[in-house]
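Here is the file target.txt (compact mmCIF, C-alpha atoms).
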```
# COMPACT_ATOMS: atom_id res chain seq x y z
CA MET A 1 24.68 1.48 4.08
CA LYS A 2 24.33 -1.75 6.09
CA ARG A 3 21.50 -4.23 5.90
CA HIS A 4 20.46 -6.58 8.66
CA ILE A 5 18.80 -9.86 7.78
CA ILE A 6 16.35 -11.83 9.85
CA TYR A 7 15.75 -15.40 8.69
CA GLY A 8 12.40 -17.07 9.15
CA ILE A 9 9.39 -18.35 7.28
CA VAL A 10 7.28 -15.23 6.95
CA CYS A 11 4.82 -14.38 4.23
CA GLY A 12 6.10 -17.59 2.69
CA VAL A 13 9.31 -15.65 2.85
CA VAL A 14 12.83 -16.91 3.20
CA ALA A 15 14.53 -13.69 4.29
CA VAL A 16 13.52 -10.33 5.65
CA GLN A 17 15.80 -7.33 5.40
CA GLY A 18 15.81 -3.79 6.68
CA MET A 19 18.17 -0.89 6.30
CA ALA A 20 20.03 -0.79 9.59
CA GLY A 21 20.06 2.59 11.23
CA ASP A 22 17.49 4.48 9.20
CA ASP A 23 14.61 2.08 8.49
CA THR A 24 13.72 3.39 5.05
CA ILE A 25 13.70 0.21 2.97
CA PHE A 26 12.26 -3.14 4.03
CA THR A 27 12.54 -6.20 1.81
CA CYS A 28 10.81 -9.56 1.76
CA GLN A 29 10.65 -12.45 -0.68
CA VAL A 30 7.29 -13.69 -1.98
CA GLY A 31 8.09 -16.86 -3.89
CA ASP A 32 10.73 -15.76 -6.38
CA TRP A 33 9.50 -12.15 -6.31
CA GLU A 34 11.40 -9.54 -4.31
CA VAL A 35 9.21 -6.92 -2.62
CA HIS A 36 10.73 -3.69 -1.30
CA LEU A 37 8.72 -1.37 0.92
CA LEU A 38 10.07 2.17 0.46
CA VAL A 39 9.42 4.80 3.13
CA GLU A 40 8.45 8.10 1.54
CA TYR A 41 7.48 10.01 4.68
CA ALA A 42 7.42 9.54 8.44
CA GLY A 43 6.10 12.06 10.97
CA GLN A 44 3.31 12.70 13.45
CA GLY A 45 -0.39 12.60 12.62
CA SER A 46 -3.29 14.10 14.55
CA ARG A 47 -6.16 12.12 16.02
CA SER A 48 -8.47 14.80 14.61
CA ILE A 49 -8.73 12.86 11.34
CA LEU A 50 -10.61 10.02 13.07
CA LEU A 51 -14.39 9.97 12.63
CA GLY A 52 -16.75 8.79 15.37
CA ALA A 53 -14.07 7.87 17.90
CA SER A 54 -15.11 8.68 21.47
CA GLU A 55 -12.78 10.40 23.92
CA GLU A 56 -12.58 7.12 25.82
CA VAL A 57 -11.43 5.27 22.68
CA LEU A 58 -8.96 8.01 21.74
CA HIS A 59 -7.48 8.07 25.24
CA ARG A 60 -7.16 4.28 25.28
CA TYR A 61 -5.51 3.83 21.88
CA ILE A 62 -3.80 7.20 21.26
CA PRO A 63 -3.18 8.57 24.75
CA GLY A 64 -0.71 11.20 23.54
CA GLY A 65 -3.09 12.62 20.95
CA THR A 66 -0.78 11.91 18.01
CA TYR A 67 0.29 8.80 16.12
CA GLN A 68 3.13 7.79 13.80
CA ALA A 69 2.01 8.81 10.32
CA GLU A 70 3.86 7.26 7.39
CA THR A 71 3.57 7.06 3.61
CA HIS A 72 5.12 4.25 1.57
CA THR A 73 5.46 2.92 -1.95
CA LEU A 74 6.29 -0.66 -2.95
CA LEU A 75 8.73 -1.89 -5.56
CA ILE A 76 8.32 -5.44 -6.87
CA ARG A 77 10.96 -7.30 -8.84
CA SER A 78 9.81 -10.49 -10.55
CA PRO A 79 11.94 -12.48 -12.99
CA ASP A 80 10.04 -10.80 -15.84
CA ARG A 81 9.31 -7.22 -14.82
CA ILE A 82 9.76 -4.38 -12.35
CA ILE A 83 6.55 -2.98 -10.86
CA LEU A 84 6.03 0.09 -8.68
CA VAL A 85 2.86 0.35 -6.60
CA ASP A 86 2.09 4.07 -6.13
CA THR A 87 4.77 6.77 -6.38
CA GLY A 88 4.44 8.65 -3.09
CA PHE A 89 5.00 12.40 -3.17
CA GLY A 90 7.75 11.89 -5.74
CA GLY A 91 10.66 12.61 -3.43
CA LYS A 92 12.45 9.77 -1.69
CA VAL A 93 11.14 7.10 -4.04
CA PHE A 94 13.85 8.02 -6.54
CA GLU A 95 16.57 7.92 -3.89
CA HIS A 96 15.37 4.45 -2.91
CA LEU A 97 15.38 3.23 -6.50
CA LYS A 98 18.97 4.40 -6.83
CA THR A 99 19.90 2.56 -3.63
CA LEU A 100 18.37 -0.60 -5.09
CA GLY A 101 20.26 -0.15 -8.34
CA ILE A 102 17.16 0.57 -10.40
CA ASP A 103 16.81 3.37 -12.92
CA PRO A 104 13.26 4.77 -13.39
CA SER A 105 13.50 3.80 -17.06
CA GLN A 106 13.65 0.14 -15.99
CA VAL A 107 10.20 0.24 -14.34
CA ASP A 108 7.73 -1.64 -16.54
CA ALA A 109 4.47 -0.87 -14.74
CA VAL A 110 3.12 1.58 -12.16
CA LEU A 111 0.03 0.32 -10.35
CA LEU A 112 -2.04 3.02 -8.65
CA THR A 113 -4.19 2.26 -5.63
CA HIS A 114 -5.85 5.67 -6.03
CA MET A 115 -5.00 9.24 -7.01
CA HIS A 116 -4.46 11.23 -3.83
CA PRO A 117 -1.34 13.45 -4.14
CA ASP A 118 0.77 11.25 -1.84
CA HIS A 119 0.30 8.35 -4.28
CA ILE A 120 0.78 10.03 -7.67
CA GLY A 121 3.32 12.77 -6.88
CA GLY A 122 6.15 10.84 -8.52
CA LEU A 123 4.52 10.24 -11.89
CA GLN A 124 5.56 13.45 -13.63
CA ARG A 125 7.54 16.63 -13.29
CA GLU A 126 7.06 19.69 -15.48
CA GLY A 127 4.95 17.64 -17.86
CA LYS A 128 7.55 14.91 -18.29
CA ALA A 129 6.90 11.26 -17.42
CA LEU A 130 9.35 10.21 -14.69
CA PHE A 131 8.96 6.54 -15.63
CA PRO A 132 9.52 6.81 -19.38
CA ARG A 133 8.83 3.16 -20.29
CA ALA A 134 6.16 2.29 -17.76
CA ALA A 135 2.51 1.62 -18.38
CA VAL A 136 0.30 3.16 -15.67
CA TYR A 137 -2.59 1.01 -14.45
CA LEU A 138 -5.61 2.26 -12.53
CA ALA A 139 -9.27 1.40 -12.06
CA GLN A 140 -11.63 2.93 -14.60
CA GLN A 141 -13.76 4.28 -11.74
CA LYS A 142 -10.88 6.19 -10.22
CA LYS A 143 -9.72 7.60 -13.55
CA ALA A 144 -13.24 8.82 -14.28
CA TYR A 145 -13.62 10.34 -10.81
CA TRP A 146 -10.26 12.11 -10.64
CA THR A 147 -9.93 13.29 -14.21
CA GLU A 148 -13.55 13.75 -15.29
CA THR A 149 -16.06 13.97 -12.44
CA ALA A 150 -13.86 15.78 -9.92
CA ALA A 151 -11.54 17.24 -12.59
CA HIS A 152 -8.61 17.31 -10.18
CA HIS A 153 -5.82 19.20 -11.91
CA GLY A 154 -3.07 17.21 -10.18
CA ALA A 155 -4.52 13.90 -11.35
CA VAL A 156 -4.97 15.12 -14.91
CA ALA A 157 -1.40 16.41 -14.99
CA ALA A 158 -0.03 13.21 -13.47
CA LEU A 159 -1.47 11.00 -16.21
CA ALA A 160 -1.06 13.33 -19.18
CA PRO A 161 2.58 12.48 -20.08
CA TYR A 162 1.78 8.76 -20.27
CA GLY A 163 -0.82 9.08 -23.02
CA SER A 164 -1.72 5.67 -24.45
CA ARG A 165 0.34 3.98 -21.73
CA VAL A 166 -2.44 4.75 -19.21
CA ARG A 167 -4.44 1.53 -18.96
CA THR A 168 -7.64 1.06 -17.02
CA PHE A 169 -9.42 -1.97 -15.62
CA LEU A 170 -12.61 -2.78 -13.73
CA PRO A 171 -11.73 -4.42 -10.39
CA ASN A 172 -14.02 -7.04 -8.88
CA PRO A 173 -14.81 -7.69 -5.20
CA ILE A 174 -12.26 -9.73 -3.30
CA GLU A 175 -13.98 -13.09 -3.85
CA ALA A 176 -13.95 -12.61 -7.64
CA ALA A 177 -10.61 -10.88 -8.15
CA GLU A 178 -9.09 -11.23 -11.62
CA GLU A 179 -5.53 -11.15 -12.87
CA LEU A 180 -4.27 -7.88 -14.33
CA LEU A 181 -0.67 -8.95 -14.94
CA PRO A 182 0.86 -12.40 -14.44
CA GLY A 183 0.84 -12.95 -10.69
CA VAL A 184 -1.06 -9.72 -9.91
CA ARG A 185 -4.77 -9.66 -9.09
CA VAL A 186 -6.83 -6.49 -8.62
CA ILE A 187 -9.46 -6.10 -5.90
CA ALA A 188 -12.16 -3.44 -5.59
CA ALA A 189 -12.01 -1.75 -2.18
CA PHE A 190 -14.09 1.38 -2.74
CA GLY A 191 -14.80 3.73 0.15
CA HIS A 192 -11.56 5.57 0.75
CA THR A 193 -12.03 6.90 -2.78
CA PRO A 194 -14.11 5.81 -5.78
CA GLY A 195 -12.07 3.11 -7.49
CA HIS A 196 -9.67 2.51 -4.58
CA THR A 197 -7.88 -0.72 -5.53
CA LEU A 198 -5.93 -3.45 -3.73
CA TYR A 199 -3.28 -5.57 -5.45
CA GLN A 200 -2.59 -9.17 -4.49
CA VAL A 201 0.71 -10.54 -5.74
CA ALA A 202 1.44 -14.26 -5.85
CA SER A 203 4.46 -16.35 -6.73
CA GLN A 204 5.14 -20.06 -6.16
CA GLY A 205 2.04 -20.39 -3.98
CA GLN A 206 2.95 -17.46 -1.73
CA LYS A 207 0.93 -14.25 -1.57
CA LEU A 208 1.04 -10.65 -0.36
CA LEU A 209 -1.95 -8.31 -0.27
CA ILE A 210 -1.04 -4.66 -0.90
CA TRP A 211 -3.95 -2.72 0.49
CA GLY A 212 -3.12 0.93 -0.23
CA ASP A 213 -5.07 3.28 2.02
CA LEU A 214 -7.39 0.72 3.55
CA MET A 215 -6.09 1.96 6.92
CA HIS A 216 -4.43 5.17 8.19
CA VAL A 217 -4.29 4.88 12.00
CA GLN A 218 -3.45 1.29 12.83
CA ASP A 219 -3.57 1.68 16.62
CA ILE A 220 -7.32 2.25 16.39
CA GLN A 221 -8.38 0.77 13.04
CA PHE A 222 -7.11 -2.76 13.66
CA PRO A 223 -9.05 -3.21 16.92
CA LEU A 224 -11.95 -1.01 15.74
CA PRO A 225 -12.13 -1.30 11.93
CA ALA A 226 -15.48 0.49 11.66
CA ILE A 227 -13.78 3.80 12.53
CA SER A 228 -12.88 5.75 9.39
CA VAL A 229 -10.94 8.96 8.75
CA SER A 230 -11.74 12.33 7.23
CA TYR A 231 -9.76 11.39 4.11
CA ASP A 232 -12.33 8.71 3.25
CA THR A 233 -14.78 9.77 0.54
CA ASP A 234 -17.41 7.38 1.90
CA PRO A 235 -16.56 6.62 5.55
CA GLN A 236 -19.27 3.98 5.98
CA ALA A 237 -18.22 2.07 2.86
CA ALA A 238 -14.56 2.38 3.88
CA GLY A 239 -15.34 0.81 7.25
CA ALA A 240 -17.31 -2.04 5.68
CA VAL A 241 -14.60 -2.93 3.15
CA ARG A 242 -11.91 -2.68 5.85
CA LYS A 243 -13.74 -5.32 7.91
CA GLN A 244 -14.12 -7.53 4.85
CA VAL A 245 -10.45 -7.32 3.88
CA LEU A 246 -9.20 -7.86 7.43
CA ALA A 247 -11.35 -10.98 7.71
CA TYR A 248 -10.08 -12.22 4.33
CA ALA A 249 -6.43 -11.69 5.23
CA ALA A 250 -6.82 -13.33 8.64
CA GLU A 251 -8.85 -16.31 7.46
CA ASN A 252 -6.56 -17.03 4.51
CA HIS A 253 -3.30 -16.28 6.34
CA ILE A 254 -2.24 -13.79 3.68
CA PRO A 255 0.29 -11.17 4.79
CA VAL A 256 -0.57 -7.55 4.05
CA ALA A 257 1.29 -4.36 3.17
CA GLY A 258 -0.16 -0.90 3.76
CA MET A 259 0.89 2.51 2.49
CA HIS A 260 0.22 4.08 5.91
CA LEU A 261 1.12 1.30 8.33
CA ARG A 262 4.17 1.77 10.54
CA TYR A 263 7.50 0.50 9.25
CA PRO A 264 8.07 -2.27 8.29
CA ALA A 265 4.39 -1.99 7.24
CA ILE A 266 4.27 -5.62 6.07
CA GLY A 267 2.92 -8.33 8.35
CA ARG A 268 0.15 -10.68 9.35
CA VAL A 269 -3.40 -10.01 10.53
CA SER A 270 -5.07 -12.14 13.19
CA PRO A 271 -8.38 -11.90 15.08
CA ASP A 272 -8.31 -10.19 18.47
CA GLY A 273 -11.67 -10.12 20.22
CA ALA A 274 -14.13 -8.19 18.07
CA GLY A 275 -11.28 -6.67 16.06
CA TYR A 276 -7.85 -7.63 14.78
CA GLN A 277 -4.18 -7.31 15.62
CA PHE A 278 -1.17 -6.80 13.37
CA SER A 279 2.17 -8.62 13.67
CA PRO A 280 4.93 -6.95 11.61
CA LEU A 281 7.19 -9.30 9.69
CA THR A 282 10.11 -8.65 12.02
CA GLU A 283 8.04 -9.89 14.96
CA THR A 284 6.77 -12.84 12.96
CA ALA A 285 10.31 -13.80 12.00
CA LYS A 286 11.46 -13.70 15.62
CA LYS A 287 8.63 -16.06 16.55
CA GLY A 288 9.69 -18.41 13.76
CA LEU A 289 6.30 -18.38 12.08
```
The structure in this file should be written as structure tokens.
Amino acid sequence: MKRHIIYGIVCGVVAVQGMAGDDTIFTCQVGDWEVHLLVEYAGQGSRSILLGASEEVLHRYIPGGTYQAETHTLLIRSPDRIILVDTGFGGKVFEHLKTLGIDPSQVDAVLLTHMHPDHIGGLQREGKALFPRAAVYLAQQKKAYWTETAAHHGAVAALAPYGSRVRTFLPNPIEAAEELLPGVRVIAAFGHTPGHTLYQVASQGQKLLIWGDLMHVQDIQFPLPAISVSYDTDPQAAGAVRKQVLAYAAENHIPVAGMHLRYPAIGRVSPDGAGYQFSPLTETAKKGL
């Protein structure tokens, strides 16, 4: 399978790569860390998930009534460890790891943004941990919600094979984020779900903000971040934290990666009127930024 490479200074990045022809793996360099965005699913989504969007807004931003719906995971290789952020449905992620020359037993840590099925589906199969050496990290709030308060069978089953390797933390708001692992900070972004967590990775002064499910329908939620979706547990809180994170990323010039943004799903945020716009890394590279 061929790769094409676009050179430019993006995300503090030296090179950007994509899989030519099928667009299922996108790679960028953050300092001396290699970040691979892995496409788990791509299809069409319905505008019906949007909450509070008028017909005028829907016609303007999604004139066809559907949008490109995608689900991704991220694989991070640092000099010291291999980290997976979310596991998707548990399908293509393993094909992608094989393409990258990584065996699941080499993954040191799995960081969960939250515990919806399209983020934890690859943790276990038939009661067996699919990442046999990895520690699984998640916010205490989300573990309590999904395995105790809501008692979601899928979440309980996903964590069960990891036993003492399930490790929880208490994320702080973005301005007080603390380090979980060397080079990885955790940020509270509650609203989509209780305990929904962002991960900011940093190496050699360069950063990337992995924002999980902060956004689902980018054509509307970048220009109008107050609009939430039916998947959000607390739509109002989700809208408020989305505005906060967008402002943070734009003001600090920190590239972002989203599990439901369109491929390549990594890029820069900039103000655009009352809202924001998104420039994918491929565009940024072409502009030489």
- [ ] Have a look at A:His114, A:Arg125, A:Arg47, A:Lys92 and name the one nearest to A:His72; count all atoms listed in the file.
- [x]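 Checking each candidate against A:His72, we get A:Lys92 as the closest.
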- [ ] Could you tell me how far atom CA of A:Val229 lies from atom CA of A:Leu51, in Å and to one decimal?
- [x] 5.3 Å
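Picture a line from atom CA of A:Glu70 to atom CA of A:Phe222; it runs 16.1 Å.
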TODO: May I ask which of the residues A:Gln206, A:Thr113, A:Ser164, A:Thr233 is the closest one to A:Val85, counting all atoms listed in the file?
DONE: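 Going through A:Gln206, A:Thr113, A:Ser164, A:Thr233 one by one, the smallest distance to A:Val85 is for A:Thr113.
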- [ ] Please measure the separation of atom CA of A:Asp86 and atom CA of A:Met115, giving the value in Å to one decimal.
- [x] 8.8 Å
TODO: Give as a count of residues only each residue that has an atom at most 12 Å from (11.2, 8.8, -7.9) in the file, counting only C-alpha atoms.
DONE: 39
Task: Residue nearest A:Tyr61 - candidates A:Gln140, A:Gln221, A:Ser78, A:Thr24, atoms counted: only C-alpha atoms - done: A:Gln221
- [ ] Between A:Pro255, A:Gly31, A:Gly127, A:Pro161, single out the one closest to A:Val269, counting all atoms listed in the file.
- [x]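 Ranking A:Pro255, A:Gly31, A:Gly127, A:Pro161 by distance to A:Val269, first place goes to A:Pro255.
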